[in-house]
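Just data-v3.cif here, mmCIF, C-alpha atoms:
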```cif
data_structure
loop_
_atom_site.label_atom_id
_atom_site.label_comp_id
_atom_site.auth_asym_id
_atom_site.auth_seq_id
_atom_site.Cartn_x
_atom_site.Cartn_y
_atom_site.Cartn_z
CA MET A 17 118.14 102.03 147.30
CA ASP A 18 114.75 103.42 146.30
CA GLY A 19 113.33 100.14 145.01
CA GLY A 20 112.69 101.61 141.54
CA ILE A 21 113.35 99.91 138.24
CA THR A 22 116.64 100.81 136.61
CA LYS A 23 116.29 101.49 132.90
CA LYS A 24 118.72 99.37 130.92
CA THR A 25 120.72 101.07 128.18
CA PRO A 26 120.11 99.38 124.81
CA VAL A 27 122.95 97.23 123.53
CA THR A 28 124.61 98.64 120.41
CA SER A 29 125.87 96.84 117.31
CA SER A 30 129.43 97.92 118.13
CA GLN A 31 129.19 96.16 121.51
CA VAL A 32 128.00 92.99 119.75
CA ALA A 33 130.88 93.26 117.28
CA GLU A 34 133.42 93.63 120.09
CA HIS A 35 131.92 90.71 122.03
CA ALA A 36 131.89 88.46 118.96
CA GLY A 37 135.33 89.56 117.79
CA VAL A 38 134.07 90.68 114.37
CA SER A 39 133.65 93.96 112.53
CA GLN A 40 130.56 96.15 112.97
CA SER A 41 129.76 95.66 109.27
CA ALA A 42 129.59 91.90 109.93
CA VAL A 43 126.91 92.55 112.55
CA SER A 44 125.00 94.71 110.09
CA ARG A 45 125.20 92.02 107.37
CA THR A 46 124.02 89.36 109.82
CA PHE A 47 120.76 91.21 110.39
CA THR A 48 120.25 92.31 106.77
CA PRO A 49 118.22 89.74 104.78
CA GLY A 50 120.09 88.50 101.73
CA ALA A 51 123.43 90.06 102.72
CA SER A 52 126.60 88.03 102.13
CA ILE A 53 128.21 86.62 105.29
CA SER A 54 129.86 83.31 106.17
CA PRO A 55 127.87 80.83 108.28
CA LYS A 56 130.65 80.81 110.90
CA THR A 57 130.69 84.60 111.32
CA ARG A 58 126.89 84.74 111.34
CA ALA A 59 126.76 82.13 114.12
CA LYS A 60 129.25 84.10 116.22
CA VAL A 61 127.26 87.32 115.82
CA LEU A 62 123.94 85.66 116.67
CA ALA A 63 125.43 84.04 119.75
CA ALA A 64 126.86 87.35 120.96
CA ALA A 65 123.59 89.15 120.23
CA LYS A 66 121.62 86.60 122.20
CA GLU A 67 124.01 86.75 125.15
CA LEU A 68 123.92 90.55 125.29
CA GLY A 69 120.20 90.88 124.52
CA TYR A 70 120.78 92.85 121.33
CA ARG A 71 117.92 93.73 118.97
CA PRO A 72 118.62 95.51 115.65
CA ASN A 73 117.11 98.99 115.34
CA ALA A 74 114.90 98.98 112.25
CA ILE A 75 114.41 102.75 112.35
CA ALA A 76 118.12 103.44 112.46
CA ARG A 77 118.70 101.01 109.61
CA SER A 78 116.03 102.72 107.50
CA LEU A 79 117.94 106.00 107.76
CA ILE A 80 121.00 104.28 106.31
CA THR A 81 119.32 102.18 103.62
CA ASN A 82 116.52 104.70 102.86
CA ARG A 83 114.11 101.78 103.20
CA SER A 84 111.77 101.30 106.14
CA ARG A 85 110.55 97.88 104.94
CA ILE A 86 107.06 99.04 105.89
CA ILE A 87 104.06 98.84 103.56
CA ALA A 88 101.09 101.02 104.48
CA VAL A 89 97.69 99.38 104.00
CA VAL A 90 94.69 101.72 103.98
CA MET A 91 91.27 100.09 104.42
CA ALA A 92 87.96 101.84 104.70
CA TYR A 93 86.40 99.35 107.07
CA LEU A 94 86.83 95.82 108.43
CA GLU A 95 83.18 94.92 108.99
CA ASN A 96 83.11 92.93 105.75
CA LEU A 97 84.88 89.62 106.42
CA PHE A 98 86.49 89.76 102.99
CA TYR A 99 88.99 92.32 104.27
CA PRO A 100 90.20 90.53 107.42
CA ASP A 101 90.92 87.56 105.15
CA VAL A 102 92.81 89.90 102.81
CA LEU A 103 94.81 91.33 105.74
CA GLU A 104 95.80 87.88 106.93
CA GLU A 105 97.05 86.93 103.46
CA LEU A 106 98.80 90.27 102.98
CA GLY A 107 100.61 89.89 106.29
CA ARG A 108 101.79 86.41 105.35
CA ARG A 109 102.94 87.43 101.87
CA LEU A 110 104.72 90.63 102.97
CA SER A 111 106.44 88.80 105.81
CA ALA A 112 107.86 86.37 103.25
CA GLU A 113 109.43 89.41 101.56
CA ASN A 114 110.73 90.65 104.96
CA TYR A 115 108.30 93.59 104.94
CA HIS A 116 105.96 94.73 107.67
CA MET A 117 102.41 95.99 107.35
CA LEU A 118 101.10 99.23 108.87
CA LEU A 119 97.30 99.48 108.87
CA PHE A 120 95.15 102.62 108.60
CA THR A 121 91.34 102.45 108.62
CA GLY A 122 88.25 104.63 108.48
CA PHE A 123 87.72 106.27 105.07
CA LYS A 124 84.80 104.35 103.56
CA ASP A 125 82.95 107.22 101.94
CA ARG A 126 85.78 109.42 100.68
CA ASP A 127 89.28 109.50 99.23
CA SER A 128 92.17 108.32 101.39
CA ASP A 129 93.92 111.70 101.28
CA PRO A 130 93.39 112.57 105.00
CA VAL A 131 95.57 109.63 106.04
CA PHE A 132 98.42 110.49 103.66
CA ASP A 133 100.27 112.84 106.03
CA GLN A 134 100.03 110.24 108.80
CA LEU A 135 101.43 107.34 106.82
CA MET A 136 104.23 109.45 105.32
CA GLN A 137 105.58 110.01 108.85
CA TYR A 138 106.57 106.34 108.83
CA ARG A 139 108.71 106.58 105.65
CA VAL A 140 106.71 103.77 104.07
CA ASP A 141 108.16 101.99 101.04
CA GLY A 142 104.79 101.37 99.39
CA ILE A 143 101.04 101.86 99.81
CA ILE A 144 98.12 99.47 99.28
CA LEU A 145 94.70 101.13 99.11
CA ALA A 146 91.88 98.63 99.72
CA SER A 147 88.19 99.55 99.75
CA THR A 148 89.10 103.21 99.45
CA SER A 149 89.75 105.56 96.57
CA LEU A 150 92.64 107.76 95.48
CA SER A 151 92.48 111.40 94.41
CA SER A 152 94.57 112.67 91.53
CA GLU A 153 96.41 114.97 93.96
CA LEU A 154 97.49 112.10 96.20
CA ALA A 155 98.49 110.00 93.19
CA ALA A 156 100.69 112.86 91.97
CA GLU A 157 102.31 113.33 95.41
CA CYS A 158 103.14 109.63 95.64
CA ALA A 159 104.62 109.65 92.14
CA VAL A 160 106.83 112.64 92.98
CA ALA A 161 107.94 110.95 96.22
CA GLY A 162 108.69 107.74 94.32
CA ILE A 163 106.31 105.69 96.47
CA PRO A 164 104.54 102.81 94.67
CA VAL A 165 100.76 102.67 95.16
CA VAL A 166 98.48 99.76 94.32
CA LEU A 167 94.69 99.92 94.41
CA PHE A 168 93.33 96.62 95.75
CA ASN A 169 89.79 95.59 94.70
CA ARG A 170 89.38 99.01 93.12
CA THR A 171 90.16 100.56 89.77
CA THR A 172 90.48 104.17 88.69
CA GLU A 173 89.79 106.05 85.49
CA ARG A 174 93.39 107.29 85.65
CA ASP A 175 95.97 104.87 84.28
CA GLU A 176 98.90 106.17 86.34
CA THR A 177 98.00 104.13 89.45
CA SER A 178 98.50 100.36 89.54
CA SER A 179 95.49 98.22 90.42
CA VAL A 180 94.49 94.64 91.17
CA THR A 181 90.88 93.62 90.86
CA THR A 182 88.62 90.88 89.55
CA ARG A 183 86.32 90.81 86.55
CA ASN A 184 83.47 92.50 88.39
CA ARG A 185 81.45 93.33 85.29
CA GLU A 186 81.74 89.75 84.09
CA GLY A 187 80.73 88.50 87.54
CA GLY A 188 77.65 90.71 87.61
CA ARG A 189 76.73 89.59 84.10
CA LEU A 190 77.11 85.94 85.08
CA LEU A 191 74.79 86.42 88.07
CA GLY A 192 72.19 88.04 85.82
CA GLU A 193 72.33 85.17 83.33
CA PHE A 194 72.15 82.65 86.17
CA LEU A 195 69.01 84.21 87.67
CA VAL A 196 67.24 84.55 84.32
CA ALA A 197 68.10 80.94 83.49
CA GLY A 198 66.58 79.99 86.86
CA GLY A 199 63.21 81.31 85.72
CA HIS A 200 63.13 84.64 87.60
CA ARG A 201 61.36 87.57 85.98
CA SER A 202 61.49 90.41 88.52
CA PHE A 203 64.70 91.65 90.06
CA GLY A 204 66.19 93.82 92.77
CA TYR A 205 69.72 95.05 93.37
CA ILE A 206 71.22 96.30 96.65
CA ALA A 207 74.25 98.44 95.88
CA GLY A 208 77.37 98.93 97.92
CA LEU A 209 78.93 102.39 97.60
CA GLU A 210 77.34 103.75 94.45
CA ASN A 211 80.45 105.68 93.37
CA SER A 212 82.90 102.77 93.81
CA SER A 213 84.31 101.06 90.72
CA THR A 214 83.44 97.59 92.01
CA ASN A 215 79.81 98.52 92.55
CA ARG A 216 79.49 100.22 89.15
CA ASP A 217 81.00 97.24 87.36
CA ARG A 218 78.97 94.60 89.19
CA PHE A 219 75.69 96.39 88.60
CA GLY A 220 76.65 97.28 85.03
CA GLY A 221 77.23 93.64 84.13
CA PHE A 222 74.06 92.55 85.92
CA ARG A 223 71.97 95.15 84.08
CA GLU A 224 73.48 94.18 80.71
CA ALA A 225 72.59 90.52 81.25
CA LEU A 226 68.99 91.35 82.10
CA GLU A 227 68.62 93.80 79.22
CA ALA A 228 69.79 91.07 76.83
CA HIS A 229 66.60 89.23 77.85
CA GLY A 230 64.38 92.30 77.53
CA ILE A 231 64.31 93.06 81.27
CA THR A 232 64.89 96.73 82.07
CA ASP A 233 63.02 97.19 85.35
CA ILE A 234 65.35 96.62 88.31
CA ALA A 235 64.40 97.84 91.78
CA VAL A 236 67.58 99.40 93.20
CA ARG A 237 68.39 100.36 96.77
CA THR A 238 71.72 101.22 98.44
CA GLY A 239 73.27 99.41 101.39
CA ASN A 240 76.68 101.19 101.46
CA TYR A 241 78.34 97.89 102.43
CA SER A 242 76.76 98.31 105.88
CA ARG A 243 74.69 95.64 107.63
CA LEU A 244 72.21 98.14 109.07
CA GLU A 245 71.75 99.98 105.77
CA ALA A 246 71.44 96.69 103.91
CA GLU A 247 68.66 95.66 106.31
CA ALA A 248 66.84 98.93 105.63
CA ALA A 249 67.27 98.48 101.87
CA ALA A 250 65.91 94.93 102.12
CA ARG A 251 62.80 96.11 103.99
CA GLU A 252 62.08 98.63 101.23
CA LEU A 253 62.48 96.09 98.43
CA LEU A 254 60.50 93.34 100.15
CA ALA A 255 57.63 95.72 100.95
CA LEU A 256 57.15 96.72 97.30
CA PRO A 257 53.74 95.89 95.78
CA ARG A 258 55.58 93.72 93.27
CA ARG A 259 58.27 92.13 95.37
CA PRO A 260 61.36 91.02 93.38
CA GLU A 261 61.66 87.28 92.81
CA ALA A 262 65.44 87.57 92.99
CA ILE A 263 67.82 90.07 94.59
CA PHE A 264 71.50 90.52 93.77
CA VAL A 265 73.31 91.99 96.78
CA ALA A 266 76.64 93.69 96.00
CA ASN A 267 78.56 91.66 98.59
CA ASP A 268 78.01 88.71 100.91
CA HIS A 269 78.32 90.80 104.07
CA MET A 270 75.13 92.63 103.08
CA ALA A 271 73.51 89.51 101.61
CA VAL A 272 73.54 87.87 105.04
CA ALA A 273 71.65 90.85 106.47
CA VAL A 274 69.14 90.76 103.61
CA MET A 275 68.51 87.06 104.15
CA ASP A 276 67.91 87.60 107.87
CA VAL A 277 65.31 90.30 107.12
CA ALA A 278 63.59 88.15 104.47
CA ARG A 279 63.34 85.15 106.76
CA HIS A 280 62.67 86.63 110.17
CA GLU A 281 60.73 89.83 109.38
CA PHE A 282 58.85 88.84 106.22
CA GLY A 283 58.54 85.10 106.82
CA LEU A 284 59.94 84.23 103.40
CA THR A 285 61.46 80.90 102.49
CA ILE A 286 64.80 80.93 100.64
CA PRO A 287 64.83 80.16 97.73
CA ASP A 288 61.16 79.20 97.21
CA ASP A 289 59.81 82.71 97.88
CA LEU A 290 62.96 84.67 97.15
CA SER A 291 66.34 83.96 95.54
CA LEU A 292 69.41 85.77 96.87
CA VAL A 293 72.86 85.98 95.33
CA GLY A 294 75.94 87.83 96.56
CA TYR A 295 79.58 88.56 95.81
CA ASP A 296 83.00 87.74 97.40
CA ASP A 297 82.33 84.15 98.56
CA VAL A 298 83.66 84.66 102.08
CA GLY A 299 82.59 84.19 105.68
CA PRO A 300 78.92 83.39 106.36
CA ALA A 301 78.18 82.88 102.65
CA ARG A 302 79.80 79.46 103.10
CA TRP A 303 78.01 78.61 106.34
CA PRO A 304 75.21 76.02 106.01
CA SER A 305 72.72 78.35 107.71
CA TYR A 306 73.11 80.90 104.87
CA ASP A 307 74.69 78.93 101.98
CA ILE A 308 74.69 81.90 99.60
CA THR A 309 75.26 81.63 95.85
CA SER A 310 78.18 84.00 95.27
CA VAL A 311 80.91 85.03 92.84
CA THR A 312 84.38 84.36 94.22
CA GLN A 313 87.14 86.89 94.61
CA PRO A 314 90.37 84.83 94.69
CA ILE A 315 92.12 86.45 97.65
CA GLY A 316 95.38 84.50 97.33
CA PRO A 317 96.06 85.39 93.68
CA MET A 318 94.90 88.99 94.24
CA VAL A 319 97.32 89.48 97.14
CA GLU A 320 100.10 87.75 95.22
CA ALA A 321 99.65 90.11 92.26
CA THR A 322 99.51 93.17 94.55
CA VAL A 323 102.72 92.32 96.40
CA ASP A 324 104.50 91.38 93.16
CA ILE A 325 103.70 94.81 91.69
CA LEU A 326 104.95 96.59 94.83
CA MET A 327 108.16 94.58 95.01
CA ASP A 328 108.89 95.13 91.30
CA GLN A 329 108.50 98.89 91.68
CA ILE A 330 110.38 99.14 94.99
CA HIS A 331 113.35 97.17 93.74
CA SER A 332 113.50 98.74 90.26
CA GLY A 333 112.86 102.30 91.46
CA GLU A 334 110.53 102.74 88.48
CA ILE A 335 106.82 103.30 89.01
CA GLU A 336 105.36 101.87 85.84
CA PRO A 337 101.60 101.32 86.35
CA GLN A 338 100.40 97.74 86.09
CA HIS A 339 96.80 96.56 86.03
CA LYS A 340 95.87 92.99 86.95
CA ILE A 341 92.32 91.70 86.43
CA LEU A 342 91.72 88.19 87.76
CA PRO A 343 88.82 85.82 87.04
CA GLY A 344 86.31 84.50 89.56
CA GLU A 345 83.75 81.70 89.63
CA LEU A 346 80.02 81.68 90.38
CA ILE A 347 79.68 79.22 93.24
CA VAL A 348 76.17 77.77 93.34
CA ARG A 349 74.53 77.13 96.70
CA SER A 350 71.02 76.79 98.10
CA SER A 351 70.05 80.49 98.30
CA SER A 352 68.75 80.60 94.72
CA ARG A 353 66.57 78.64 92.32
CA LEU A 354 68.70 76.75 89.85
CA PRO A 355 68.91 76.75 86.05
CA ARG A 356 68.36 73.43 84.32
CA THR A 357 71.75 73.57 82.62
CA GLY A 358 75.19 75.10 83.07
CA ILE A 359 75.99 73.81 86.56
CA VAL A 360 79.10 71.65 86.85
CA GLU A 361 80.98 70.26 89.84
CA ILE A 362 84.60 71.32 90.27
CA ASP A 363 86.69 70.33 93.29
CA GLY A 364 83.57 69.42 95.24
CA GLN A 365 81.75 72.71 94.52
CA ARG A 366 78.91 73.47 92.16
CA VAL A 367 79.94 76.13 89.66
CA TYR A 368 77.83 77.88 87.04
CA ARG A 369 79.44 77.77 83.60
CA PRO A 370 76.84 78.29 80.91
CA GLU A 371 77.58 77.27 77.36
CA ARG A 372 78.38 80.34 75.26
CA ALA A 373 77.19 80.75 71.70
CA THR A 374 80.07 80.57 69.23
#
```

Same coordinates, now as structure tokens:
Amino acid sequence: MDGGITKKTPVTSSQVAEHAGVSQSAVSRTFTPGASISPKTRAKVLAAAKELGYRPNAIARSLITNRSRIIAVVMAYLENLFYPDVLEELGRRLSAENYHMLLFTGFKDRDSDPVFDQLMQYRVDGIILASTSLSSELAAECAVAGIPVVLFNRTTERDETSSVTTRNREGGRLLGEFLVAGGHRSFGYIAGLENSSTNRDRFGGFREALEAHGITDIAVRTGNYSRLEAEAAARELLALPRRPEAIFVANDHMAVAVMDVARHEFGLTIPDDLSLVGYDDVGPARWPSYDITSVTQPIGPMVEATVDILMDQIHSGEIEPQHKILPGELIVRSSSRLPRTGIVEIDGQRVYRPERAT
């Protein structure tokens, strides 16, 4: 005896069937969600499987069913706390559908094409692209392969790819109206990724709201959704001869960095010296030490819509593009001077809902 560890041969489904006194197909049906099998037979199979230490082989099953029950999720970065919250909700929702999530990261500033060959090695049943973009070539390859793709928190000028997003232009416009109504007259904007659809829409709506009040001068810097770059952008804006009275930061992750710079490097008081507003309504934006006015992105409904689209296309075998655009709210906190009207309390939160002219 050499004292080594003997490798145990995996138990097969046929051994379980023999031990339980049932057919091999009964074992297969027992471990296939939704398959028809009597409670008595299922109990016998589970008891035999437990006694023998059997675990079904998902890879082998995928070769038979042509389904891996794996959804690939591609995210550019996880620094922004919005996306860990999204991942948690996605994992919960996919698990309820008996699907597993396979995560790829690291493509913040370019299309997700480099990861395509990697994820295809796993025979994924669907792809969710969050915080990253999709080239026309990759979209075409996925269509040919019959793999559903959903853009999460992104849109594309091409209609052939499904997408789920919020009303970013409307949110930006609402923030602009809110700040003007609060008496501000000079403005700054710190962009995320300038070429992303969310950034374009948020800034576009913000600019439209200010222009409606005759304000065309907006000091713009870019933070690339990075804390360090947002800090640098904040230093540039706050050092201007005419410092903005209010700054809209493209997401809360950067807004926290901007507030730290304003307070600790420039000695400014929020909101007396400077108003700050952000976007996403996640993480530190809700903490009392920051308490940032922010437009919500409803993660639960966004994930629900994304998974519904994927499941529809996987089960039907038809990739018919769907586009879901969900509403958000402007949650009012202490980081900004307040308008005299338009603020209401809903479910214990202050929300900005200005009266619209009819």

| Using all atoms listed in the file, which of A:Phe282, A:Phe194, A:Tyr115, A:Phe168 sits nearest Ala250 (chain A)? |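 That would be A:Phe282, the residue with the smallest distance to Ala250 (chain A).
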
| Minimum-distance residue to Gly208 (chain A), chosen among A:Leu118, A:Asn96, A:Pro260, A:Thr172 (using all atoms listed in the file) |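 Of A:Leu118, A:Asn96, A:Pro260, A:Thr172, the one nearest Gly208 (chain A) is A:Asn96, counting all atoms listed in the file.
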
| task | Name the residues in contact with region 334-346 of chain A at a cut-off of 6 Å, using all atoms listed in the file, excluding same-chain residues fewer than 2 positions from it; report them as an MDAnalysis selection string. | result | chainID A and resid 176:183 310:313 329 332 367:368

| request: In Å, rounded to a single decimal, give me how far CA of Gly142 (chain A) is from CA of Glu157 (chain A). | output: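 One can read the CA of Glu157 (chain A) to CA of Gly142 (chain A) distance as 12.8 Å.
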
| task | Apply the PyMOL selection byres ((chain A and resi 265) around 12) to the structure shown and report the selected residues as JSON, numbers by chain. | result | {"A": [188, 191, 192, 203, 204, 205, 206, 207, 208, 209, 215, 218, 219, 222, 235, 236, 237, 238, 239, 240, 241, 242, 243, 246, 247, 249, 250, 253, 262, 263, 264, 266, 267, 268, 269, 270, 271, 272, 273, 274, 275, 291, 292, 293, 294, 295, 296, 301, 308, 309, 310, 311]}

| request: Select, counting only C-alpha atoms, all protein, DNA and RNA residues no farther than 12 Å from (94.9, 93.5, 104.8) in file coordinates, and express the selection as an MDAnalysis selection string. | output: chainID A and resid 87:94 96:110 116:121 143:147 168:169 315:316 318:319 322:323

| query | So how many Å separate CA of Thr57 (chain A) and CA of Glu113 (chain A), to one decimal? | reply |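 Taking CA of Thr57 (chain A) and CA of Glu113 (chain A), their separation equals 23.9 Å.
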
| request: Return the single residue from A:Val61, A:Glu193, A:Ser202, A:Ile347 that is closest to Leu256 (chain A), with distances computed using all atoms listed in the file. | output: A:Ser202

| query | Which neighbours of Arg58 (chain A) fall inside 10 Å, counting all atoms listed in the file, when residues of the same chain fewer than 3 positions from it are skipped, and could you give them as JSON, numbers by chain? | reply | {"A": [36, 38, 42, 43, 45, 46, 47, 52, 53, 54, 55, 61, 62, 63, 64]}

Dump C-alpha atoms for the selected residues as a PDB file, in the coordinates of the input?
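again_12.pdb was written with the following content:
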```pdb
ATOM      1  CA  ALA A  36     131.890  88.460 118.960  1.00  0.00           C
ATOM      2  CA  VAL A  38     134.070  90.680 114.370  1.00  0.00           C
ATOM      3  CA  ALA A  42     129.590  91.900 109.930  1.00  0.00           C
ATOM      4  CA  VAL A  43     126.910  92.550 112.550  1.00  0.00           C
ATOM      5  CA  ARG A  45     125.200  92.020 107.370  1.00  0.00           C
ATOM      6  CA  THR A  46     124.020  89.360 109.820  1.00  0.00           C
ATOM      7  CA  PHE A  47     120.760  91.210 110.390  1.00  0.00           C
ATOM      8  CA  SER A  52     126.600  88.030 102.130  1.00  0.00           C
ATOM      9  CA  ILE A  53     128.210  86.620 105.290  1.00  0.00           C
ATOM     10  CA  SER A  54     129.860  83.310 106.170  1.00  0.00           C
ATOM     11  CA  PRO A  55     127.870  80.830 108.280  1.00  0.00           C
ATOM     12  CA  VAL A  61     127.260  87.320 115.820  1.00  0.00           C
ATOM     13  CA  LEU A  62     123.940  85.660 116.670  1.00  0.00           C
ATOM     14  CA  ALA A  63     125.430  84.040 119.750  1.00  0.00           C
ATOM     15  CA  ALA A  64     126.860  87.350 120.960  1.00  0.00           C
TER      16      ALA A  64
END
```

Starting from the incomplete input, reconstruct N, CA and C atoms of region 100-115 of chain A and report them as a compact mmCIF listing (two decimals), in the coordinates of the input.
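For reference, result_13.txt as written:
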```
# COMPACT_ATOMS: atom_id res chain seq x y z
N PRO A 100 89.32 91.24 106.48
CA PRO A 100 90.20 90.53 107.42
C PRO A 100 90.93 89.36 106.77
N ASP A 101 90.25 88.65 105.87
CA ASP A 101 90.92 87.56 105.15
C ASP A 101 92.04 88.11 104.27
N VAL A 102 91.79 89.26 103.64
CA VAL A 102 92.81 89.90 102.81
C VAL A 102 94.00 90.30 103.67
N LEU A 103 93.74 90.90 104.85
CA LEU A 103 94.81 91.33 105.74
C LEU A 103 95.69 90.15 106.17
N GLU A 104 95.04 89.05 106.50
CA GLU A 104 95.80 87.88 106.93
C GLU A 104 96.74 87.41 105.81
N GLU A 105 96.23 87.37 104.59
CA GLU A 105 97.05 86.93 103.46
C GLU A 105 98.13 87.95 103.13
N LEU A 106 97.80 89.23 103.22
CA LEU A 106 98.80 90.27 102.98
C LEU A 106 99.94 90.18 103.99
N GLY A 107 99.59 90.00 105.26
CA GLY A 107 100.61 89.89 106.29
C GLY A 107 101.55 88.74 106.04
N ARG A 108 100.98 87.60 105.63
CA ARG A 108 101.79 86.41 105.35
C ARG A 108 102.71 86.66 104.15
N ARG A 109 102.17 87.24 103.11
CA ARG A 109 102.94 87.43 101.87
C ARG A 109 104.03 88.49 102.05
N LEU A 110 103.72 89.59 102.74
CA LEU A 110 104.72 90.63 102.97
C LEU A 110 105.82 90.14 103.91
N SER A 111 105.44 89.35 104.89
CA SER A 111 106.44 88.80 105.81
C SER A 111 107.45 87.93 105.05
N ALA A 112 106.97 87.20 104.05
CA ALA A 112 107.86 86.37 103.25
C ALA A 112 108.88 87.21 102.48
N GLU A 113 108.52 88.47 102.23
CA GLU A 113 109.43 89.41 101.56
C GLU A 113 110.23 90.24 102.56
N ASN A 114 110.08 89.91 103.87
CA ASN A 114 110.73 90.65 104.96
C ASN A 114 110.24 92.10 105.03
N TYR A 115 108.94 92.28 104.79
CA TYR A 115 108.30 93.59 104.94
C TYR A 115 107.25 93.51 106.03
```
